[in-house]
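Data file: target.txt. Format and content: compact mmCIF, C-alpha atoms and all ligand atoms.
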# COMPACT_ATOMS: atom_id res chain seq x y z
CA MET L 955 -63.25 77.45 8.95
CA LYS L 956 -59.62 76.54 8.17
CA ILE L 957 -57.61 74.04 6.20
CA SER L 958 -55.78 72.03 8.87
CA ALA L 959 -53.78 69.56 6.77
CA ALA L 960 -52.73 69.12 3.15
CA ARG L 961 -51.26 65.74 2.20
CA VAL L 962 -50.11 64.24 -1.08
CA ILE L 963 -50.80 60.53 -1.54
CA VAL L 964 -48.94 58.60 -4.24
CA THR L 965 -50.17 55.12 -5.12
CA CYS L 966 -49.73 52.63 -7.96
CA PRO L 967 -52.66 50.20 -8.07
CA GLY L 968 -51.71 49.08 -11.58
CA ARG L 969 -50.64 52.60 -12.59
CA ASN L 970 -49.46 55.72 -10.74
CA PHE L 971 -51.85 58.25 -9.26
CA VAL L 972 -51.15 61.41 -7.26
CA THR L 973 -53.94 62.60 -4.96
CA LEU L 974 -54.14 65.66 -2.75
CA LYS L 975 -56.17 65.40 0.45
CA LEU L 976 -57.23 68.59 2.22
CA GLU L 977 -58.51 68.31 5.79
CA THR L 978 -60.33 71.02 7.71
CA ASP L 979 -60.74 71.97 11.35
CA GLN L 980 -64.42 70.98 11.02
CA GLY L 981 -63.74 67.37 10.13
CA VAL L 982 -64.85 67.56 6.52
CA TYR L 983 -62.17 66.76 3.92
CA GLY L 984 -61.86 66.85 0.15
CA ILE L 985 -59.64 65.17 -2.44
CA GLY L 986 -58.29 66.21 -5.83
CA ASP L 987 -56.31 64.40 -8.54
CA ALA L 988 -52.85 65.71 -9.53
CA THR L 989 -51.61 62.89 -11.78
CA LEU L 990 -49.30 63.85 -14.67
CA ASN L 991 -48.61 60.66 -16.59
CA GLY L 992 -44.90 59.84 -16.75
CA ARG L 993 -43.89 62.99 -14.81
CA GLU L 994 -45.80 62.34 -11.58
CA LEU L 995 -43.15 63.29 -9.05
CA ALA L 996 -42.74 66.79 -10.48
CA VAL L 997 -46.30 67.59 -9.36
CA VAL L 998 -45.75 65.83 -6.02
CA ALA L 999 -42.78 68.13 -5.33
CA TYR L 1000 -44.64 71.22 -6.59
CA LEU L 1001 -47.50 70.47 -4.22
CA GLN L 1002 -45.51 69.31 -1.21
CA GLU L 1003 -42.77 71.91 -1.35
CA HIS L 1004 -44.56 74.95 -2.76
CA VAL L 1005 -48.34 74.67 -2.38
CA CYS L 1006 -49.26 72.67 0.74
CA PRO L 1007 -47.43 75.05 3.11
CA LEU L 1008 -49.45 77.96 1.66
CA LEU L 1009 -52.79 76.26 2.31
CA ILE L 1010 -52.60 75.60 6.04
CA GLY L 1011 -54.81 77.99 8.01
CA ARG L 1012 -56.65 79.33 4.93
CA ASP L 1013 -60.42 79.39 4.58
CA PRO L 1014 -61.39 76.47 2.26
CA ARG L 1015 -64.64 78.19 1.32
CA ARG L 1016 -62.78 80.85 -0.70
CA ILE L 1017 -62.24 78.68 -3.77
CA GLU L 1018 -61.97 81.53 -6.28
CA ASP L 1019 -59.55 83.52 -4.18
CA LEU L 1020 -57.34 80.48 -3.57
CA TRP L 1021 -57.35 79.71 -7.29
CA GLN L 1022 -56.23 83.25 -8.12
CA TYR L 1023 -53.70 83.15 -5.29
CA LEU L 1024 -52.05 80.01 -6.68
CA TYR L 1025 -52.27 81.13 -10.34
CA ARG L 1026 -51.31 84.79 -10.12
CA GLY L 1027 -49.39 84.48 -6.88
CA ALA L 1028 -46.78 82.05 -8.22
CA TYR L 1029 -45.75 84.64 -10.82
CA TRP L 1030 -44.88 81.63 -13.12
CA ARG L 1031 -48.13 80.82 -14.88
CA ARG L 1032 -49.62 77.92 -16.83
CA GLY L 1033 -48.00 74.61 -17.82
CA PRO L 1034 -48.94 71.00 -17.02
CA VAL L 1035 -47.23 70.84 -13.60
CA THR L 1036 -48.56 74.13 -12.21
CA MET L 1037 -52.08 73.65 -13.54
CA ARG L 1038 -52.35 70.10 -12.21
CA ALA L 1039 -51.29 71.28 -8.77
CA ILE L 1040 -53.88 74.06 -8.90
CA ALA L 1041 -56.50 71.59 -10.19
CA ALA L 1042 -55.89 69.23 -7.27
CA VAL L 1043 -56.45 72.04 -4.75
CA ASP L 1044 -59.48 73.33 -6.63
CA VAL L 1045 -61.22 69.96 -6.95
CA ALA L 1046 -60.55 69.16 -3.28
CA LEU L 1047 -62.08 72.54 -2.31
CA TRP L 1048 -65.19 71.99 -4.47
CA ASP L 1049 -65.50 68.55 -2.86
CA ILE L 1050 -65.39 70.15 0.60
CA LYS L 1051 -67.88 72.86 -0.33
CA ALA L 1052 -70.37 70.40 -1.81
CA LYS L 1053 -70.04 68.11 1.21
CA MET L 1054 -70.69 71.07 3.52
CA ALA L 1055 -73.75 72.00 1.47
CA GLY L 1056 -74.88 68.36 1.59
CA MET L 1057 -75.20 68.39 -2.21
CA PRO L 1058 -73.75 66.47 -5.11
CA LEU L 1059 -71.31 68.81 -6.86
CA TYR L 1060 -73.49 69.14 -9.97
CA ASP L 1061 -76.17 70.79 -7.85
CA LEU L 1062 -73.73 73.37 -6.61
CA LEU L 1063 -72.65 74.11 -10.19
CA GLY L 1064 -76.20 74.88 -11.26
CA GLY L 1065 -77.94 71.52 -11.35
CA LYS L 1066 -78.24 68.77 -13.92
CA SER L 1067 -78.75 69.66 -17.57
CA ARG L 1068 -79.21 66.01 -18.64
CA GLU L 1069 -80.21 62.59 -17.36
CA GLY L 1070 -76.90 60.88 -18.03
CA VAL L 1071 -73.44 61.55 -19.42
CA LEU L 1072 -72.86 60.04 -22.86
CA VAL L 1073 -69.50 58.28 -22.88
CA TYR L 1074 -67.28 56.67 -25.48
CA GLY L 1075 -65.24 53.54 -24.88
CA HIS L 1076 -61.93 52.48 -26.40
CA ALA L 1077 -62.03 49.61 -28.86
CA ASN L 1078 -58.75 48.46 -30.31
CA GLY L 1079 -57.25 45.47 -32.06
CA ALA L 1080 -53.99 44.36 -33.61
CA ASP L 1081 -55.59 44.37 -37.08
CA LEU L 1082 -58.76 45.40 -38.88
CA GLY L 1083 -60.70 42.21 -38.07
CA SER L 1084 -59.96 42.27 -34.35
CA THR L 1085 -60.75 46.00 -34.13
CA VAL L 1086 -64.16 45.39 -35.73
CA GLU L 1087 -64.72 42.63 -33.19
CA ALA L 1088 -63.69 44.93 -30.34
CA VAL L 1089 -66.13 47.64 -31.46
CA GLY L 1090 -68.87 44.96 -31.54
CA HIS L 1091 -67.97 44.02 -27.98
CA TYR L 1092 -68.40 47.62 -26.79
CA LEU L 1093 -71.74 47.94 -28.58
CA GLU L 1094 -72.89 44.73 -26.88
CA MET L 1095 -71.98 46.26 -23.52
CA GLY L 1096 -74.38 49.09 -24.30
CA TYR L 1097 -71.98 51.81 -25.47
CA LYS L 1098 -73.51 54.23 -27.97
CA ALA L 1099 -70.15 55.75 -28.91
CA VAL L 1100 -66.87 53.94 -29.53
CA ARG L 1101 -63.38 55.09 -30.38
CA ALA L 1102 -61.64 52.72 -32.80
CA GLN L 1103 -57.84 52.34 -32.99
CA SER L 1104 -56.14 49.56 -34.91
CA GLY L 1105 -52.74 48.12 -35.63
CA ILE L 1106 -51.51 49.35 -39.03
CA PRO L 1107 -50.31 46.76 -41.58
CA GLY L 1108 -46.53 46.97 -41.76
CA LEU L 1109 -46.12 48.81 -38.42
CA ASP L 1110 -45.50 47.34 -34.96
CA LEU L 1111 -47.00 48.89 -31.85
CA ALA L 1112 -49.55 51.38 -33.21
CA TYR L 1113 -50.88 54.07 -30.86
CA GLY L 1114 -53.96 53.03 -28.92
CA VAL L 1115 -53.62 49.28 -29.37
CA GLY L 1116 -53.64 47.57 -25.99
CA ARG L 1117 -52.93 44.13 -24.73
CA GLY L 1118 -56.33 43.30 -23.22
CA VAL L 1119 -59.92 43.73 -24.32
CA LEU L 1120 -61.02 46.47 -21.92
CA HIS L 1121 -57.80 47.96 -20.65
CA TYR L 1122 -55.22 49.94 -22.56
CA GLU L 1123 -52.31 51.34 -20.60
CA PRO L 1124 -49.73 53.23 -22.63
CA ALA L 1125 -47.38 54.12 -19.73
CA ASP L 1126 -46.09 50.58 -19.57
CA ALA L 1127 -42.32 50.60 -19.08
CA ALA L 1128 -39.58 51.84 -16.76
CA MET L 1129 -37.92 53.35 -19.85
CA PRO L 1130 -39.96 54.73 -22.79
CA THR L 1131 -40.88 52.05 -25.34
CA GLU L 1132 -39.69 53.04 -28.85
CA THR L 1133 -42.33 52.78 -31.56
CA ARG L 1134 -42.05 53.41 -35.32
CA TRP L 1135 -44.41 55.50 -37.40
CA ASP L 1136 -45.24 55.72 -41.10
CA THR L 1137 -47.81 58.31 -42.16
CA ARG L 1138 -48.46 56.87 -45.62
CA LYS L 1139 -49.21 53.39 -44.29
CA TYR L 1140 -51.57 54.93 -41.75
CA LEU L 1141 -53.39 57.18 -44.22
CA ASP L 1142 -53.86 54.28 -46.64
CA PHE L 1143 -55.32 52.02 -43.97
CA ILE L 1144 -57.62 54.09 -41.72
CA PRO L 1145 -60.45 54.78 -44.23
CA SER L 1146 -60.79 51.02 -44.87
CA LEU L 1147 -61.23 50.47 -41.13
CA PHE L 1148 -64.11 52.93 -40.87
CA GLU L 1149 -65.66 51.69 -44.09
CA ARG L 1150 -65.77 48.19 -42.60
CA LEU L 1151 -67.13 49.48 -39.28
CA ARG L 1152 -70.03 51.23 -41.04
CA GLU L 1153 -70.70 48.14 -43.20
CA THR L 1154 -70.78 45.95 -40.09
CA PHE L 1155 -72.61 48.16 -37.59
CA GLY L 1156 -74.63 50.55 -39.74
CA ALA L 1157 -75.15 54.28 -39.36
CA GLU L 1158 -76.25 54.37 -35.72
CA PRO L 1159 -73.18 54.11 -33.44
CA ALA L 1160 -71.06 57.20 -32.93
CA LEU L 1161 -67.52 56.37 -34.10
CA LEU L 1162 -64.45 58.31 -32.99
CA HIS L 1163 -60.77 58.17 -33.81
CA ASP L 1164 -57.62 59.57 -32.17
CA VAL L 1165 -54.78 60.56 -34.52
CA HIS L 1166 -52.59 61.37 -31.51
CA HIS L 1167 -50.77 64.35 -33.05
CA ARG L 1168 -49.16 62.27 -35.81
CA LEU L 1169 -50.07 64.24 -38.96
CA THR L 1170 -49.10 67.53 -40.53
CA PRO L 1171 -52.03 69.91 -41.18
CA ILE L 1172 -52.34 68.98 -44.86
CA GLU L 1173 -52.18 65.25 -44.07
CA ALA L 1174 -54.83 65.76 -41.42
CA ALA L 1175 -56.97 67.55 -43.99
CA ARG L 1176 -56.66 64.54 -46.31
CA LEU L 1177 -57.62 62.14 -43.52
CA GLY L 1178 -60.66 64.21 -42.56
CA LYS L 1179 -61.78 64.32 -46.18
CA SER L 1180 -61.31 60.59 -46.72
CA LEU L 1181 -63.36 59.80 -43.61
CA GLU L 1182 -66.31 62.04 -44.52
CA PRO L 1183 -68.39 59.18 -46.05
CA PHE L 1184 -68.23 57.32 -42.71
CA ASP L 1185 -69.67 60.15 -40.63
CA LEU L 1186 -67.27 60.19 -37.68
CA PHE L 1187 -68.26 61.85 -34.41
CA TRP L 1188 -64.76 63.36 -34.43
CA ILE L 1189 -61.12 62.95 -35.26
CA GLU L 1190 -58.96 63.92 -32.32
CA ASP L 1191 -55.55 65.61 -32.14
CA ALA L 1192 -55.17 65.48 -35.91
CA THR L 1193 -52.06 67.67 -35.75
CA PRO L 1194 -50.09 69.16 -32.84
CA ALA L 1195 -51.74 72.36 -31.65
CA GLU L 1196 -48.94 74.49 -30.27
CA ASN L 1197 -49.62 76.55 -33.37
CA GLN L 1198 -53.38 76.97 -33.07
CA ASP L 1199 -53.55 78.43 -36.55
CA ALA L 1200 -52.58 75.03 -38.01
CA PHE L 1201 -56.19 73.94 -37.62
CA ARG L 1202 -57.35 76.58 -40.08
CA LEU L 1203 -55.93 74.57 -42.96
CA ILE L 1204 -57.61 71.33 -41.84
CA ARG L 1205 -60.88 73.16 -41.39
CA GLN L 1206 -60.78 74.58 -44.92
CA HIS L 1207 -60.70 71.08 -46.38
CA THR L 1208 -63.03 68.90 -44.35
CA THR L 1209 -66.37 68.73 -42.57
CA THR L 1210 -65.25 65.86 -40.33
CA PRO L 1211 -65.61 67.29 -36.80
CA LEU L 1212 -62.38 68.08 -34.97
CA ALA L 1213 -61.52 67.58 -31.30
CA VAL L 1214 -58.40 68.76 -29.51
CA GLY L 1215 -57.13 69.80 -26.10
CA GLU L 1216 -56.23 66.89 -23.81
CA ILE L 1217 -52.74 68.38 -23.35
CA PHE L 1218 -53.93 71.99 -22.99
CA ASN L 1219 -53.69 73.61 -19.57
CA THR L 1220 -55.49 76.92 -19.80
CA LEU L 1221 -57.99 78.72 -21.98
CA TRP L 1222 -55.04 80.48 -23.63
CA ASP L 1223 -54.00 77.21 -25.29
CA ALA L 1224 -57.40 77.03 -26.98
CA LYS L 1225 -58.36 80.66 -27.43
CA GLU L 1226 -57.76 80.97 -31.20
CA LEU L 1227 -59.13 77.50 -31.89
CA ILE L 1228 -62.38 78.31 -30.13
CA ALA L 1229 -62.78 81.97 -31.08
CA ASN L 1230 -62.26 81.15 -34.78
CA GLN L 1231 -64.43 78.02 -34.61
CA LEU L 1232 -61.58 75.89 -35.88
CA ILE L 1233 -62.66 72.96 -33.69
CA ASP L 1234 -65.93 71.34 -32.66
CA TYR L 1235 -64.99 69.77 -29.31
CA ILE L 1236 -62.62 70.93 -26.60
CA ARG L 1237 -60.97 68.01 -24.77
CA MET L 1238 -59.65 69.77 -21.66
CA THR L 1239 -60.64 68.23 -18.34
CA VAL L 1240 -60.51 69.12 -14.66
CA VAL L 1241 -57.08 67.71 -13.75
CA GLY L 1242 -55.20 69.13 -16.74
CA SER L 1243 -56.75 72.57 -16.71
CA GLY L 1244 -56.77 74.05 -13.26
CA GLY L 1245 -59.86 72.29 -11.92
CA ILE L 1246 -63.56 73.05 -12.07
CA THR L 1247 -62.99 76.78 -11.57
CA HIS L 1248 -61.02 77.20 -14.79
CA LEU L 1249 -62.74 74.49 -16.84
CA ARG L 1250 -66.12 76.09 -16.52
CA ARG L 1251 -64.66 79.33 -17.88
CA VAL L 1252 -63.32 77.40 -20.86
CA ALA L 1253 -66.75 75.81 -21.35
CA ASP L 1254 -68.57 79.15 -21.23
CA PHE L 1255 -66.16 80.65 -23.76
CA ALA L 1256 -66.62 77.56 -25.97
CA ALA L 1257 -70.42 77.77 -25.66
CA ILE L 1258 -70.64 81.21 -27.21
CA HIS L 1259 -68.62 79.95 -30.20
CA GLY L 1260 -70.63 76.78 -30.75
CA VAL L 1261 -67.89 74.47 -29.44
CA ARG L 1262 -68.89 71.56 -27.18
CA THR L 1263 -67.02 69.71 -24.44
CA GLY L 1264 -65.43 66.29 -24.78
CA CYS L 1265 -63.43 65.78 -21.59
CA HIS L 1266 -60.32 63.63 -21.68
CA GLY L 1267 -60.88 60.47 -19.64
CA ALA L 1268 -57.97 58.06 -20.15
CA THR L 1269 -56.76 55.78 -17.32
CA ASP L 1270 -54.10 58.26 -16.24
CA LEU L 1271 -56.91 60.54 -15.08
CA SER L 1272 -57.76 59.03 -11.73
CA PRO L 1273 -61.28 58.12 -10.61
CA VAL L 1274 -61.19 61.43 -8.70
CA THR L 1275 -60.96 63.31 -12.00
CA MET L 1276 -63.59 61.05 -13.55
CA GLY L 1277 -65.98 61.75 -10.66
CA ALA L 1278 -65.44 65.51 -10.79
CA ALA L 1279 -65.71 65.52 -14.60
CA LEU L 1280 -69.03 63.67 -14.45
CA HIS L 1281 -70.50 66.37 -12.18
CA PHE L 1282 -69.18 69.01 -14.56
CA ASP L 1283 -70.57 67.07 -17.56
CA SER L 1284 -73.97 66.71 -15.89
CA TRP L 1285 -74.21 70.47 -15.52
CA VAL L 1286 -72.38 72.00 -18.50
CA PRO L 1287 -74.93 73.24 -21.07
CA ASN L 1288 -72.66 72.73 -24.11
CA PHE L 1289 -71.80 69.13 -23.28
CA GLY L 1290 -70.66 66.92 -26.16
CA ILE L 1291 -69.35 63.60 -24.87
CA GLN L 1292 -67.09 62.18 -22.13
CA GLU L 1293 -64.23 59.75 -22.72
CA TYR L 1294 -64.43 56.70 -20.46
CA MET L 1295 -61.48 54.37 -20.36
CA ARG L 1296 -62.18 51.92 -17.58
CA HIS L 1297 -59.80 51.68 -14.63
CA SER L 1298 -58.53 48.34 -13.33
CA GLU L 1299 -60.25 46.64 -10.40
CA GLU L 1300 -57.27 47.49 -8.17
CA THR L 1301 -57.65 51.19 -9.02
CA ASP L 1302 -61.39 51.15 -8.45
CA ALA L 1303 -60.84 49.53 -5.02
CA VAL L 1304 -58.36 52.24 -3.95
CA PHE L 1305 -60.79 54.95 -5.08
CA PRO L 1306 -64.32 53.94 -4.00
CA HIS L 1307 -66.77 55.99 -6.06
CA SER L 1308 -70.44 56.58 -6.59
CA TYR L 1309 -70.40 56.90 -10.42
CA GLN L 1310 -71.89 54.09 -12.47
CA PHE L 1311 -72.14 53.01 -16.09
CA GLU L 1312 -75.50 52.09 -17.50
CA ASP L 1313 -76.57 51.64 -21.09
CA GLY L 1314 -73.97 53.89 -22.69
CA TYR L 1315 -74.19 56.64 -20.05
CA LEU L 1316 -72.30 57.36 -16.84
CA HIS L 1317 -74.12 58.72 -13.81
CA PRO L 1318 -72.22 60.67 -11.16
CA GLY L 1319 -74.37 59.45 -8.24
CA ASP L 1320 -76.00 61.57 -5.56
CA THR L 1321 -73.39 61.46 -2.80
CA ALA L 1322 -72.53 64.88 -1.39
CA GLY L 1323 -69.27 66.18 -2.93
CA HIS L 1324 -67.80 64.70 -6.11
CA GLY L 1325 -68.54 61.19 -4.89
CA VAL L 1326 -64.99 59.75 -4.98
CA ASP L 1327 -62.93 58.80 -1.93
CA ILE L 1328 -59.51 57.28 -1.34
CA ASP L 1329 -58.82 54.21 0.80
CA GLU L 1330 -55.48 55.31 2.20
CA GLU L 1331 -54.61 51.97 3.79
CA LEU L 1332 -55.11 50.16 0.53
CA ALA L 1333 -53.32 52.93 -1.40
CA ALA L 1334 -50.25 52.47 0.84
CA ARG L 1335 -49.95 48.87 -0.34
CA TYR L 1336 -49.11 50.02 -3.89
CA PRO L 1337 -45.85 52.02 -3.88
CA TYR L 1338 -44.92 54.34 -6.77
CA LYS L 1339 -43.39 52.61 -9.79
CA PRO L 1340 -41.62 54.68 -12.47
CA ALA L 1341 -43.49 54.31 -15.78
CA TYR L 1342 -43.03 56.26 -19.00
CA LEU L 1343 -45.22 56.82 -22.02
CA PRO L 1344 -43.75 55.49 -25.29
CA VAL L 1345 -41.97 57.64 -27.85
CA ALA L 1346 -42.34 57.48 -31.64
CA ARG L 1347 -39.76 57.70 -34.42
CA LEU L 1348 -40.14 57.71 -38.18
CA GLN L 1349 -38.83 54.69 -40.10
CA ASP L 1350 -35.42 56.39 -40.51
CA GLY L 1351 -35.12 57.05 -36.79
CA THR L 1352 -36.21 60.71 -36.73
CA MET L 1353 -38.07 61.62 -33.52
CA TRP L 1354 -41.79 62.13 -34.13
CA ASN L 1355 -44.84 62.80 -32.00
CA TRP L 1356 -46.07 59.82 -30.02
C1 LIG L 1401 -56.85 59.73 -25.10
C2 LIG L 1401 -55.40 60.01 -24.94
C3 LIG L 1401 -54.66 59.05 -24.10
C4 LIG L 1401 -53.26 59.63 -23.87
C5 LIG L 1401 -52.87 59.47 -22.44
C6 LIG L 1401 -51.49 60.02 -22.20
O1 LIG L 1401 -57.43 60.25 -26.03
O2 LIG L 1401 -57.38 59.05 -24.24
O3 LIG L 1401 -54.80 60.32 -26.16
O4 LIG L 1401 -54.66 57.76 -24.60
O5 LIG L 1401 -52.36 59.06 -24.71
O6 LIG L 1401 -53.81 60.09 -21.66
O7 LIG L 1401 -51.24 60.05 -20.83
MG MG L 1402 -56.27 61.50 -27.16
Take the structure in this file and express it as structure tokens.
Amino acid sequence: MKISAARVIVTCPGRNFVTLKLETDQGVYGIGDATLNGRELAVVAYLQEHVCPLLIGRDPRRIEDLWQYLYRGAYWRRGPVTMRAIAAVDVALWDIKAKMAGMPLYDLLGGKSREGVLVYGHANGADLGSTVEAVGHYLEMGYKAVRAQSGIPGLDLAYGVGRGVLHYEPADAAMPTETRWDTRKYLDFIPSLFERLRETFGAEPALLHDVHHRLTPIEAARLGKSLEPFDLFWIEDATPAENQDAFRLIRQHTTTPLAVGEIFNTLWDAKELIANQLIDYIRMTVVGSGGITHLRRVADFAAIHGVRTGCHGATDLSPVTMGAALHFDSWVPNFGIQEYMRHSEETDAVFPHSYQFEDGYLHPGDTAGHGVDIDEELAARYPYKPAYLPVARLQDGTMWNW
């Protein structure tokens, strides 16, 4: 059996997605997501110029060997561009293998460990009142876990606050939108939001919050401490994690669970965090971290240190990643939760899929493979459109972390 074609498909049904399609001489094909939000064409070039030519004629059944070939063989390891390219190949190969076996991917991984995949939705509002309303809306839809982000009094354009009720799309401009940040205003406001959410909705719903790398370790420690009475499921990306040791300080001060990892690319980015039990949830997912082959290694390493998974699932992760992640989530023994930011109708039409939401859980479906396809004719109607993520500056203009 041989790979006969490797094609990169770029489409923008409301936002940009990069998809790799691998065809074989036996008719069966597989697809993988390679989207890197705001830097999409770097991965397109990496794949088209440097990876696709290497794949033609190779045996698609040798997933592990191909992974090692692309990782070790490039000499230049790791990083968001390389690991997304490898992930796209890997996910497409797992798709092919599962289709050949006539099994849903979760069966090939070891079978289901649970009946459904617990997901959290994104509630946001321009102020406290509208955020409370938005959380109520998600609970009415059946969600059991909701992430709450709100506009901060005195600040325009807070992270995570969208323009519609169900859809939040940060990569919204041809040049990066400039936002302003003020840590004190934020730290003063956020506990009152979660206090109100608990008063309104009681103890039952799981509540989450994304700090989006904005705080220093000691500020993050203070936030975690001040949120303890409201029993959060997690706070995410409380401080940047290039220095993994930074989490030690946060951990010493608070029992609020910590999640991190959506921008990590390999186990090495998380090794100290996991081995020292400085976090509770690892947020890496298939597209950012070298595909299923690498992610399951991360999960196994996390399992022996009592860390659970919480895969990233924002809209810039295409339905192909969502499908593959749901098979992974269905199998992985140390599953925690899955993020689920709904895609637009246009995106869902370009990527027909078998996964479904029901009563707070997502189900991957029983189609052979990962259960997500691409309608290439429809995809061709939405040409690539440059779109950047915003940037953040402090009130005096100093560059900060968005
Ligand atoms: C999340 C993320 C996203 C990112 C986005 C960047 O937790 O879902 O923080 O909102 O900002 O994926 O491309
Ligand atoms: Mg996040």
Ligand LIG 1401 (chain L): which residues are within 10 Å, counting all atoms listed in the file? Reply as a PyMOL selection string.
chain L and resi 989-993+1075-1076+1101+1113-1115+1122-1125+1163-1167+1190-1191+1213-1217+1237+1265-1271+1293-1295+1342-1344+1356
Between L:Gly1027, L:Pro1034, L:Gly986, L:Gly1070, which one has atoms that come closest to Ala1278 of chain L, using only C-alpha atoms?
L:Gly986
Rank L:Gly1242, L:Pro1007, L:Pro1194, L:Gly1090 by their smallest atom-to-atom distance to Leu1169 of chain L, using all atoms listed in the file, and report the top residue only.
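Smallest separation from Leu1169 of chain L among the options: L:Pro1194.
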Atomic separation - atom CA of Thr1263 of chain L relative to atom CA of Gly1244 of chain L, Å:
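Between atom CA of Gly1244 of chain L and atom CA of Thr1263 of chain L the gap is 15.8 Å.
Among the candidates L:Asp1126, L:Asp1234, L:Asp1185, L:Asp1327, the one nearest to Gly968 of chain L when counting only C-alpha atoms is L:Asp1126.
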Against segment 1314-1317 of chain L, which residues of segment 1040-1126 of chain L fall within 7 Å? For each one I want the closest pair of atoms and the distance in Å (one decimal), counting only C-alpha atoms, rows by chain and increasing residue number, as JSON lines.
{"residue": "L:Gly1070", "atom": "CA", "partner": "L:Tyr1315", "partner_atom": "CA", "distance": 5.4}
{"residue": "L:Val1071", "atom": "CA", "partner": "L:Tyr1315", "partner_atom": "CA", "distance": 5.0}
{"residue": "L:Leu1072", "atom": "CA", "partner": "L:Tyr1315", "partner_atom": "CA", "distance": 4.6}
{"residue": "L:Val1073", "atom": "CA", "partner": "L:Tyr1315", "partner_atom": "CA", "distance": 5.7}
{"residue": "L:Gly1096", "atom": "CA", "partner": "L:Gly1314", "partner_atom": "CA", "distance": 5.1}
{"residue": "L:Tyr1097", "atom": "CA", "partner": "L:Gly1314", "partner_atom": "CA", "distance": 4.0}
{"residue": "L:Lys1098", "atom": "CA", "partner": "L:Gly1314", "partner_atom": "CA", "distance": 5.3}
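Each of L:Phe1148, L:Phe1155, L:Phe1289, L:Trp1222 was compared to Leu1093 of chain L using only C-alpha atoms, and L:Phe1155 turns out to be the nearest.
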For Val964 of chain L, list every protein, DNA or RNA residue within 8 Å, evaluated using all atoms listed in the file, and leave out those in the same chain fewer than 5 positions away; present the list as a PDB file with C-alpha atoms, in the coordinates of the input.
ATOM      1  CA  ASN L 970     -49.460  55.720 -10.740  1.00  0.00           C
ATOM      2  CA  PHE L 971     -51.850  58.250  -9.260  1.00  0.00           C
ATOM      3  CA  VAL L 972     -51.150  61.410  -7.260  1.00  0.00           C
ATOM      4  CA  THR L 973     -53.940  62.600  -4.960  1.00  0.00           C
ATOM      5  CA  ALA L1333     -53.320  52.930  -1.400  1.00  0.00           C
ATOM      6  CA  PRO L1337     -45.850  52.020  -3.880  1.00  0.00           C
ATOM      7  CA  TYR L1338     -44.920  54.340  -6.770  1.00  0.00           C
TER       8      TYR L1338
END
Report the distance between atom CA of Val1274 of chain L and atom CA of Ala1055 of chain L in Å, rounded to one decimal place.
19.3 Å
Could you give me, as number ranges by chain, the residues within 6 Å of Thr1208 of chain L, counting only C-alpha atoms and dropping anything in the same chain fewer than 3 positions from it?
L: 1178-1179, 1205
Go through L:Thr1239, L:Thr1275, L:Ala1256, L:Gly1319 and flag the residue nearest ligand MG 1402 (chain L), using only C-alpha atoms and all ligand atoms for the distances.
L:Thr1239
Closest to ligand MG 1402 (chain L) among L:Gly1079, L:Gly1264, L:Gly1277, L:Gly1245, using only C-alpha atoms and all ligand atoms?
L:Gly1264
Atom CA of Ala1192 of chain L and atom CA of Ile1172 of chain L are how many Å apart?
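Taking atom CA of Ala1192 of chain L and atom CA of Ile1172 of chain L, their separation equals 10.0 Å.
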I'd like the contact shell of Trp1188 of chain L - 6 Å cut-off, all atoms listed in the file, skipping same-chain residues fewer than 5 positions apart - returned as an MDAnalysis selection string.
chainID L and resid 1162 1211:1212
I need the chosen residues saved as a JSON list (two decimals), keeping the file's coordinate frame, with C-alpha atoms.
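Result written to again-v6.json:
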[["chain", "number", "residue", "atom", "x", "y", "z"],
["L", 1162, "LEU", "CA", -64.45, 58.31, -32.99],
["L", 1211, "PRO", "CA", -65.61, 67.29, -36.80],
["L", 1212, "LEU", "CA", -62.38, 68.08, -34.97]]
Excluding Pro1107 of chain L and residues on its chain fewer than 6 positions from it, collect all residues at most 9 Å away from it, counting all atoms listed in the file, and give them as number ranges by chain.
L: 1081-1082, 1139-1140, 1143
Do you know which residues are at most 12 Å from Asp1110 of chain L counting all atoms listed in the file, after dropping those on the same chain fewer than 6 positions away, and could you put them as a list in words?
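My reading of the contact set: Ala1080, Asp1081, Ser1104, Thr1131, Glu1132, Thr1133, Arg1134, Trp1135, Asp1136, Lys1139, Tyr1140, Ala1346, Arg1347 and Gln1349 of chain L.
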Any chance you could work out the axis-aligned box around segment 1268-1271 of chain L, listed atoms only, 6 Å on each side, giving centre and edge lengths in Å to one decimal, as lines of an AutoDock Vina configuration file?
center_x = -56.0
center_y = 58.2
center_z = -17.6
size_x = 15.9
size_y = 16.8
size_z = 17.1
Please identify all polymer residues lying at most 12 Å from the point (-52.7, 82.8, -23.7) (file coordinates), using all atoms listed in the file, and present the result as a short mmCIF file (atom, residue, chain, number, x, y, z; two decimals) with C-alpha atoms, keeping the file's coordinate frame.
data_model
loop_
_atom_site.label_atom_id
_atom_site.label_comp_id
_atom_site.auth_asym_id
_atom_site.auth_seq_id
_atom_site.Cartn_x
_atom_site.Cartn_y
_atom_site.Cartn_z
CA ARG L 1031 -48.13 80.82 -14.88
CA ARG L 1032 -49.62 77.92 -16.83
CA GLY L 1033 -48.00 74.61 -17.82
CA GLU L 1196 -48.94 74.49 -30.27
CA ASN L 1197 -49.62 76.55 -33.37
CA GLN L 1198 -53.38 76.97 -33.07
CA PHE L 1218 -53.93 71.99 -22.99
CA ASN L 1219 -53.69 73.61 -19.57
CA THR L 1220 -55.49 76.92 -19.80
CA LEU L 1221 -57.99 78.72 -21.98
CA TRP L 1222 -55.04 80.48 -23.63
CA ASP L 1223 -54.00 77.21 -25.29
CA ALA L 1224 -57.40 77.03 -26.98
CA LYS L 1225 -58.36 80.66 -27.43
CA GLU L 1226 -57.76 80.97 -31.20
CA LEU L 1227 -59.13 77.50 -31.89
#
